[in-house]
Amino acid sequence: PQGPFLFRCAQTSSFASSRQSRTDVSVWLGELQTHSWSNDSDFVRPLKPWSRGTFSDQQWEMLMHTLGGYRSSFTRDIKEFAKMLQVAYPIELQLSAGCEIHPGNTSENFLHVAHEGREVLSFQETSWKAAPEAPDWINVVIRVLNQDQETRETVQWLLNDTCPQFASGLLEAGKSELEKQVKPKAWLSSGPSPGPGHLLLVCHVSGFYPKPVWVMWMRGEQEQSGTQQGDILPNADETWYLQATLDVEAGEAPGLACRVKHSSLEGQDIILYWGGSHASVGLIALAVLTCLVSLLALIIGLTWFKKRRSYQDIL
């Protein structure tokens with residue numbers, strides 16, 4: 001598949017007290033979740049038949065052993081830091097780590113740690129660094145972490161070697177699913193009245209894959225700046241859903257249309273007109289072309305008929 005592709009592990013860890021904690025991990029390739037690791041399980045759960053990529057059984061077992069050791073030591077270390085720094089419970093931590101694969105087998109890696117949604121440190125090249133405006137106590141954490149050479153070498157191995165190798169294998173093994181295209185379905189409805197004399201026009205777009213999509217209310221070729229897009233939400237079948245709304249005066253609704261652009265449509269945008277008509281740009285262009293060809297044929301036919309009549313009159 002054409003890159004770049006982002007391979008990302010997202011971890012959330014909650015420490016209610018020194019005795020009660022929970023860590024959950026989800027793994028993503030682009031917008032597709034490939035693995036999950038629940039706090040209640042000792043094993044990473046593959047979510048796709050190709051979730052091991054091109055790793056051998058030996059490579060997979062080695063990776064699982066490393067990650068298992070990481071999770072237990074992470075929980076222990078956070079409790080020790082909380083005690084040492086007298087950080088009050090509850091503690092909420094978020095971690096994002098992975099690599100971005102570019103065409104030509106080049107990659108960039110990253111590892112960021114946040115405390116209650118605010119980034120506090122990251123791993124850069126060979127060591128841990130404090131984030132800008134991180135609290136002062138994070139410097140103590142970084143000093144301790146950077147003294148652990150074995151762990152730093154393991155992090156380097158995971159980010160520099162394992163991540164790009166594993167992600168590239170996933171791209172190869174999951175190529176057919178990653179390249180799939182599913183066309184959207186679209187329909188219109190009216191939402192709750194935003195006020196007297198106003199209508200809330202709603203354009204629903206569902207069932208599309210991949211995730212990137214463009215939806216806009218239009219009047220002719222003019223985009224309506226009042227268009228409000230909601231979040232792109234997942235469907236149960238791993239496709240996506242989006243709605244775009246427009247608040248207008250009731251008398252201004254005629255002539256408005258919702259336009260949908262998506263890679264699966266191959267330039268044949270969907271256009272839904274308020275009032276029930278439905279067309280695509282491709283069909284409109286085909287209809288116009290058909291009319292022009294018919295008109296041209298009619299002109300040629302009339303010209304030929306007139307010339308023939310002229311010849312007959314001469315004879």
# chains A, B, ... in the order shown; residues from 1 in each chain; ligands from 1
call {"tool": "residues_around", "arguments": {"residues": "range 237-246 of chain A", "least_positions_apart": "3", "cutoff": "10 Å", "atoms": "only C-alpha atoms", "output": "VMD selection string"}}
result
chain A and resid 31 to 33 181 to 191 199 to 218 224 to 234 249 253 256 258
call {"tool": "residues_around", "arguments": {"residues": "Glu266 in chain A", "least_positions_apart": "3", "cutoff": "10 Å", "atoms": "only C-alpha atoms", "output": "list in words"}}
result
Lys183, Lys261, His262, Ser263, Asp269 and Gly282 of chain A
call {"tool": "write_last_selection", "arguments": {"atoms": "N, CA, C and O atoms", "output": "PDB file, in the first residue's frame"}}
result
ATOM      1  N   LYS A 183     -17.874   2.116  -1.052  1.00  0.00           N
ATOM      2  CA  LYS A 183     -18.566   3.348  -1.410  1.00  0.00           C
ATOM      3  C   LYS A 183     -19.568   3.759  -0.324  1.00  0.00           C
ATOM      4  O   LYS A 183     -20.246   2.914   0.261  1.00  0.00           O
ATOM      5  N   LYS A 261     -17.557  13.631  -1.381  1.00  0.00           N
ATOM      6  CA  LYS A 261     -16.374  13.177  -2.118  1.00  0.00           C
ATOM      7  C   LYS A 261     -15.698  12.068  -1.308  1.00  0.00           C
ATOM      8  O   LYS A 261     -15.508  12.200  -0.101  1.00  0.00           O
ATOM      9  N   HIS A 262     -15.320  10.975  -1.989  1.00  0.00           N
ATOM     10  CA  HIS A 262     -14.625   9.866  -1.332  1.00  0.00           C
ATOM     11  C   HIS A 262     -13.809   9.115  -2.365  1.00  0.00           C
ATOM     12  O   HIS A 262     -14.197   9.036  -3.544  1.00  0.00           O
ATOM     13  N   SER A 263     -12.678   8.563  -1.937  1.00  0.00           N
ATOM     14  CA  SER A 263     -11.777   7.885  -2.875  1.00  0.00           C
ATOM     15  C   SER A 263     -12.447   6.740  -3.604  1.00  0.00           C
ATOM     16  O   SER A 263     -12.141   6.457  -4.768  1.00  0.00           O
ATOM     17  N   ASP A 269     -18.663  12.179  -7.620  1.00  0.00           N
ATOM     18  CA  ASP A 269     -19.204  12.677  -6.358  1.00  0.00           C
ATOM     19  C   ASP A 269     -20.706  12.421  -6.255  1.00  0.00           C
ATOM     20  O   ASP A 269     -21.438  12.494  -7.251  1.00  0.00           O
ATOM     21  N   GLY A 282     -20.814  12.439 -12.119  1.00  0.00           N
ATOM     22  CA  GLY A 282     -20.563  11.641 -13.318  1.00  0.00           C
ATOM     23  C   GLY A 282     -21.824  11.450 -14.137  1.00  0.00           C
ATOM     24  O   GLY A 282     -21.806  11.569 -15.365  1.00  0.00           O
TER      25      GLY A 282
END
call {"tool": "select_by_dssp", "arguments": {"residues": "range 22-209 of chain A", "states": "strand (DSSP E)", "output": "PyMOL selection string"}}
result
chain A and resi 22-29+32-37+45-46+91-102+106-115+118-124+127-130+185-190+198-208
call {"tool": "write_last_selection", "arguments": {"atoms": "C-alpha atoms", "output": "PDB file, in the first residue's frame"}}
result
ATOM      1  CA  ARG A  22      -5.475  -0.871  35.349  1.00  0.00           C
ATOM      2  CA  THR A  23      -3.638  -0.754  31.997  1.00  0.00           C
ATOM      3  CA  ASP A  24      -5.236  -1.275  28.592  1.00  0.00           C
ATOM      4  CA  VAL A  25      -3.559  -1.108  25.180  1.00  0.00           C
ATOM      5  CA  SER A  26      -4.931  -0.845  21.643  1.00  0.00           C
ATOM      6  CA  VAL A  27      -2.779  -1.164  18.524  1.00  0.00           C
ATOM      7  CA  TRP A  28      -3.594   0.597  15.258  1.00  0.00           C
ATOM      8  CA  LEU A  29      -2.355   0.547  11.682  1.00  0.00           C
ATOM      9  CA  LEU A  32      -7.619   0.012  11.525  1.00  0.00           C
ATOM     10  CA  GLN A  33      -7.248  -1.620  14.944  1.00  0.00           C
ATOM     11  CA  THR A  34      -5.063  -4.714  14.667  1.00  0.00           C
ATOM     12  CA  HIS A  35      -4.529  -5.795  18.311  1.00  0.00           C
ATOM     13  CA  SER A  36      -5.901  -5.267  21.803  1.00  0.00           C
ATOM     14  CA  TRP A  37      -4.390  -5.953  25.210  1.00  0.00           C
ATOM     15  CA  ARG A  45      -5.083 -10.406  21.258  1.00  0.00           C
ATOM     16  CA  PRO A  46      -4.746 -10.275  17.429  1.00  0.00           C
ATOM     17  CA  ILE A  91      -2.971   8.934  38.680  1.00  0.00           C
ATOM     18  CA  GLU A  92      -3.940   8.850  35.006  1.00  0.00           C
ATOM     19  CA  LEU A  93      -1.267   8.192  32.386  1.00  0.00           C
ATOM     20  CA  GLN A  94      -1.426   7.933  28.594  1.00  0.00           C
ATOM     21  CA  LEU A  95       1.304   6.564  26.361  1.00  0.00           C
ATOM     22  CA  SER A  96       1.561   6.645  22.570  1.00  0.00           C
ATOM     23  CA  ALA A  97       4.382   4.815  20.821  1.00  0.00           C
ATOM     24  CA  GLY A  98       5.045   3.524  17.332  1.00  0.00           C
ATOM     25  CA  CYS A  99       6.449   4.451  13.956  1.00  0.00           C
ATOM     26  CA  GLU A 100       5.386   5.978  10.666  1.00  0.00           C
ATOM     27  CA  ILE A 101       6.325   3.961   7.592  1.00  0.00           C
ATOM     28  CA  HIS A 102       7.172   5.933   4.449  1.00  0.00           C
ATOM     29  CA  THR A 106      12.089   4.625   5.650  1.00  0.00           C
ATOM     30  CA  SER A 107      10.446   5.280   8.997  1.00  0.00           C
ATOM     31  CA  GLU A 108      10.172   7.702  11.898  1.00  0.00           C
ATOM     32  CA  ASN A 109       9.515   6.519  15.454  1.00  0.00           C
ATOM     33  CA  PHE A 110       7.983   8.180  18.511  1.00  0.00           C
ATOM     34  CA  LEU A 111       7.183   7.561  22.175  1.00  0.00           C
ATOM     35  CA  HIS A 112       5.263  10.146  24.196  1.00  0.00           C
ATOM     36  CA  VAL A 113       3.967   9.926  27.772  1.00  0.00           C
ATOM     37  CA  ALA A 114       1.213  12.163  29.149  1.00  0.00           C
ATOM     38  CA  HIS A 115      -0.009  12.737  32.696  1.00  0.00           C
ATOM     39  CA  ARG A 118      -0.689  16.664  29.283  1.00  0.00           C
ATOM     40  CA  GLU A 119       2.553  15.460  27.708  1.00  0.00           C
ATOM     41  CA  VAL A 120       5.364  15.241  30.253  1.00  0.00           C
ATOM     42  CA  LEU A 121       8.169  13.271  28.568  1.00  0.00           C
ATOM     43  CA  SER A 122       9.240  11.487  25.395  1.00  0.00           C
ATOM     44  CA  PHE A 123      11.993   9.166  24.206  1.00  0.00           C
ATOM     45  CA  GLN A 124      14.267  10.780  21.619  1.00  0.00           C
ATOM     46  CA  SER A 127      17.349   8.979  26.050  1.00  0.00           C
ATOM     47  CA  TRP A 128      14.292  10.390  27.788  1.00  0.00           C
ATOM     48  CA  LYS A 129      13.545  14.104  27.462  1.00  0.00           C
ATOM     49  CA  ALA A 130      11.172  16.401  29.351  1.00  0.00           C
ATOM     50  CA  LYS A 185     -24.406   5.665   1.060  1.00  0.00           C
ATOM     51  CA  ALA A 186     -25.950   9.079   1.662  1.00  0.00           C
ATOM     52  CA  TRP A 187     -29.386  10.398   2.585  1.00  0.00           C
ATOM     53  CA  LEU A 188     -30.970  13.611   3.847  1.00  0.00           C
ATOM     54  CA  SER A 189     -33.239  14.377   6.774  1.00  0.00           C
ATOM     55  CA  SER A 190     -34.328  17.354   8.860  1.00  0.00           C
ATOM     56  CA  HIS A 198     -35.524  27.847  10.356  1.00  0.00           C
ATOM     57  CA  LEU A 199     -34.668  24.329   9.218  1.00  0.00           C
ATOM     58  CA  LEU A 200     -31.793  22.102  10.245  1.00  0.00           C
ATOM     59  CA  LEU A 201     -30.732  20.171   7.140  1.00  0.00           C
ATOM     60  CA  VAL A 202     -28.894  16.925   7.902  1.00  0.00           C
ATOM     61  CA  CYS A 203     -26.776  15.000   5.397  1.00  0.00           C
ATOM     62  CA  HIS A 204     -25.960  11.451   6.517  1.00  0.00           C
ATOM     63  CA  VAL A 205     -23.023   9.581   4.968  1.00  0.00           C
ATOM     64  CA  SER A 206     -22.416   5.998   6.039  1.00  0.00           C
ATOM     65  CA  GLY A 207     -20.689   2.738   5.139  1.00  0.00           C
ATOM     66  CA  PHE A 208     -17.543   4.220   3.588  1.00  0.00           C
TER      67      PHE A 208
END
call {"tool": "residues_around", "arguments": {"residues": "Ala16 in chain A", "least_positions_apart": "4", "cutoff": "7 Å", "atoms": "only C-alpha atoms", "output": "list in words"}}
result
Gln20, Ser21, Tyr89, Pro90 and Ile91 of chain A
call {"tool": "atom_distance", "arguments": {"atom1": "CA of Val140 in chain A", "atom2": "CA of Thr162 in chain A"}}
result
28.9 Å
call {"tool": "select_by_dssp", "arguments": {"residues": "range 127-167 of chain A", "states": "helix (DSSP H, G or I)", "output": "VMD selection string"}}
result
chain A and resid 138 to 146 149 to 167
call {"tool": "closest_residue", "arguments": {"among": "A:Leu170, A:Ala131, A:Cys9, A:Val141", "to": "Glu80 in chain A", "atoms": "only C-alpha atoms"}}
result
A:Val141
call {"tool": "closest_residue", "arguments": {"among": "A:Asn146, A:Thr154, A:Asn139, A:Thr75", "to": "Leu63 in chain A", "atoms": "only C-alpha atoms"}}
result
A:Thr154
call {"tool": "closest_residue", "arguments": {"among": "A:Gly220, A:Ala82, A:Gly251, A:Pro135", "to": "Tyr273 in chain A", "atoms": "only C-alpha atoms"}}
result
A:Gly220
call {"tool": "atom_distance", "arguments": {"atom1": "CA of Ser168 in chain A", "atom2": "CA of Thr66 in chain A"}}
result
19.8 Å
call {"tool": "decode", "arguments": {"residues": "range 32-63 of chain A", "atoms": "N, CA and C atoms", "output": "compact mmCIF listing (two decimals), in the first residue's frame"}}
result
# COMPACT_ATOMS: atom_id res chain seq x y z
N LEU A 32 -7.16 1.38 11.33
CA LEU A 32 -7.62 0.01 11.53
C LEU A 32 -6.98 -0.57 12.78
N GLN A 33 -7.80 -1.01 13.73
CA GLN A 33 -7.25 -1.62 14.94
C GLN A 33 -6.84 -3.06 14.64
N THR A 34 -5.60 -3.40 14.99
CA THR A 34 -5.06 -4.71 14.67
C THR A 34 -4.89 -5.62 15.89
N HIS A 35 -4.74 -5.02 17.09
CA HIS A 35 -4.53 -5.80 18.31
C HIS A 35 -5.19 -5.08 19.49
N SER A 36 -5.46 -5.85 20.53
CA SER A 36 -5.90 -5.27 21.80
C SER A 36 -5.22 -6.03 22.93
N TRP A 37 -5.04 -5.33 24.05
CA TRP A 37 -4.39 -5.95 25.21
C TRP A 37 -5.10 -5.45 26.45
N SER A 38 -6.02 -6.24 26.93
CA SER A 38 -6.83 -5.86 28.08
C SER A 38 -6.06 -6.05 29.38
N ASN A 39 -6.41 -5.26 30.36
CA ASN A 39 -5.80 -5.41 31.69
C ASN A 39 -6.05 -6.79 32.27
N ASP A 40 -7.16 -7.41 31.86
CA ASP A 40 -7.54 -8.71 32.41
C ASP A 40 -6.87 -9.88 31.71
N SER A 41 -6.05 -9.59 30.70
CA SER A 41 -5.42 -10.67 29.94
C SER A 41 -3.90 -10.55 29.99
N ASP A 42 -3.25 -11.71 29.99
CA ASP A 42 -1.78 -11.73 29.95
C ASP A 42 -1.25 -11.73 28.52
N PHE A 43 -2.17 -11.76 27.55
CA PHE A 43 -1.75 -11.91 26.16
C PHE A 43 -2.32 -10.80 25.29
N VAL A 44 -1.54 -10.39 24.31
CA VAL A 44 -2.00 -9.47 23.29
C VAL A 44 -2.93 -10.24 22.35
N ARG A 45 -4.11 -9.70 22.09
CA ARG A 45 -5.08 -10.41 21.26
C ARG A 45 -5.07 -9.88 19.83
N PRO A 46 -4.67 -10.70 18.84
CA PRO A 46 -4.75 -10.28 17.43
C PRO A 46 -6.20 -10.15 17.00
N LEU A 47 -6.52 -9.09 16.27
CA LEU A 47 -7.90 -8.85 15.83
C LEU A 47 -8.11 -9.16 14.36
N LYS A 48 -7.02 -9.46 13.63
CA LYS A 48 -7.10 -9.79 12.22
C LYS A 48 -6.35 -11.09 11.96
N PRO A 49 -6.74 -11.83 10.92
CA PRO A 49 -6.02 -13.07 10.59
C PRO A 49 -4.54 -12.80 10.28
N TRP A 50 -4.23 -11.58 9.86
CA TRP A 50 -2.87 -11.22 9.47
C TRP A 50 -2.17 -10.36 10.52
N SER A 51 -2.69 -10.36 11.76
CA SER A 51 -2.17 -9.45 12.78
C SER A 51 -0.75 -9.75 13.25
N ARG A 52 -0.22 -10.91 12.90
CA ARG A 52 1.19 -11.18 13.23
C ARG A 52 2.12 -10.72 12.11
N GLY A 53 1.56 -10.19 11.05
CA GLY A 53 2.38 -9.73 9.95
C GLY A 53 3.19 -10.86 9.36
N THR A 54 4.48 -10.61 9.18
CA THR A 54 5.38 -11.63 8.64
C THR A 54 6.31 -12.18 9.72
N PHE A 55 5.97 -11.93 11.00
CA PHE A 55 6.81 -12.43 12.10
C PHE A 55 6.69 -13.95 12.21
N SER A 56 7.81 -14.58 12.46
CA SER A 56 7.81 -16.02 12.74
C SER A 56 7.29 -16.25 14.15
N ASP A 57 6.97 -17.51 14.48
CA ASP A 57 6.52 -17.83 15.83
C ASP A 57 7.56 -17.42 16.87
N GLN A 58 8.82 -17.63 16.55
CA GLN A 58 9.89 -17.28 17.48
C GLN A 58 9.96 -15.77 17.70
N GLN A 59 9.85 -15.00 16.63
CA GLN A 59 9.88 -13.54 16.76
C GLN A 59 8.68 -13.03 17.56
N TRP A 60 7.51 -13.63 17.29
CA TRP A 60 6.30 -13.22 18.01
C TRP A 60 6.42 -13.52 19.50
N GLU A 61 6.89 -14.72 19.84
CA GLU A 61 7.04 -15.09 21.25
C GLU A 61 8.04 -14.18 21.96
N MET A 62 9.11 -13.82 21.29
CA MET A 62 10.10 -12.93 21.88
C MET A 62 9.51 -11.55 22.14
N LEU A 63 8.71 -11.06 21.18
CA LEU A 63 8.08 -9.76 21.36
C LEU A 63 7.08 -9.80 22.51
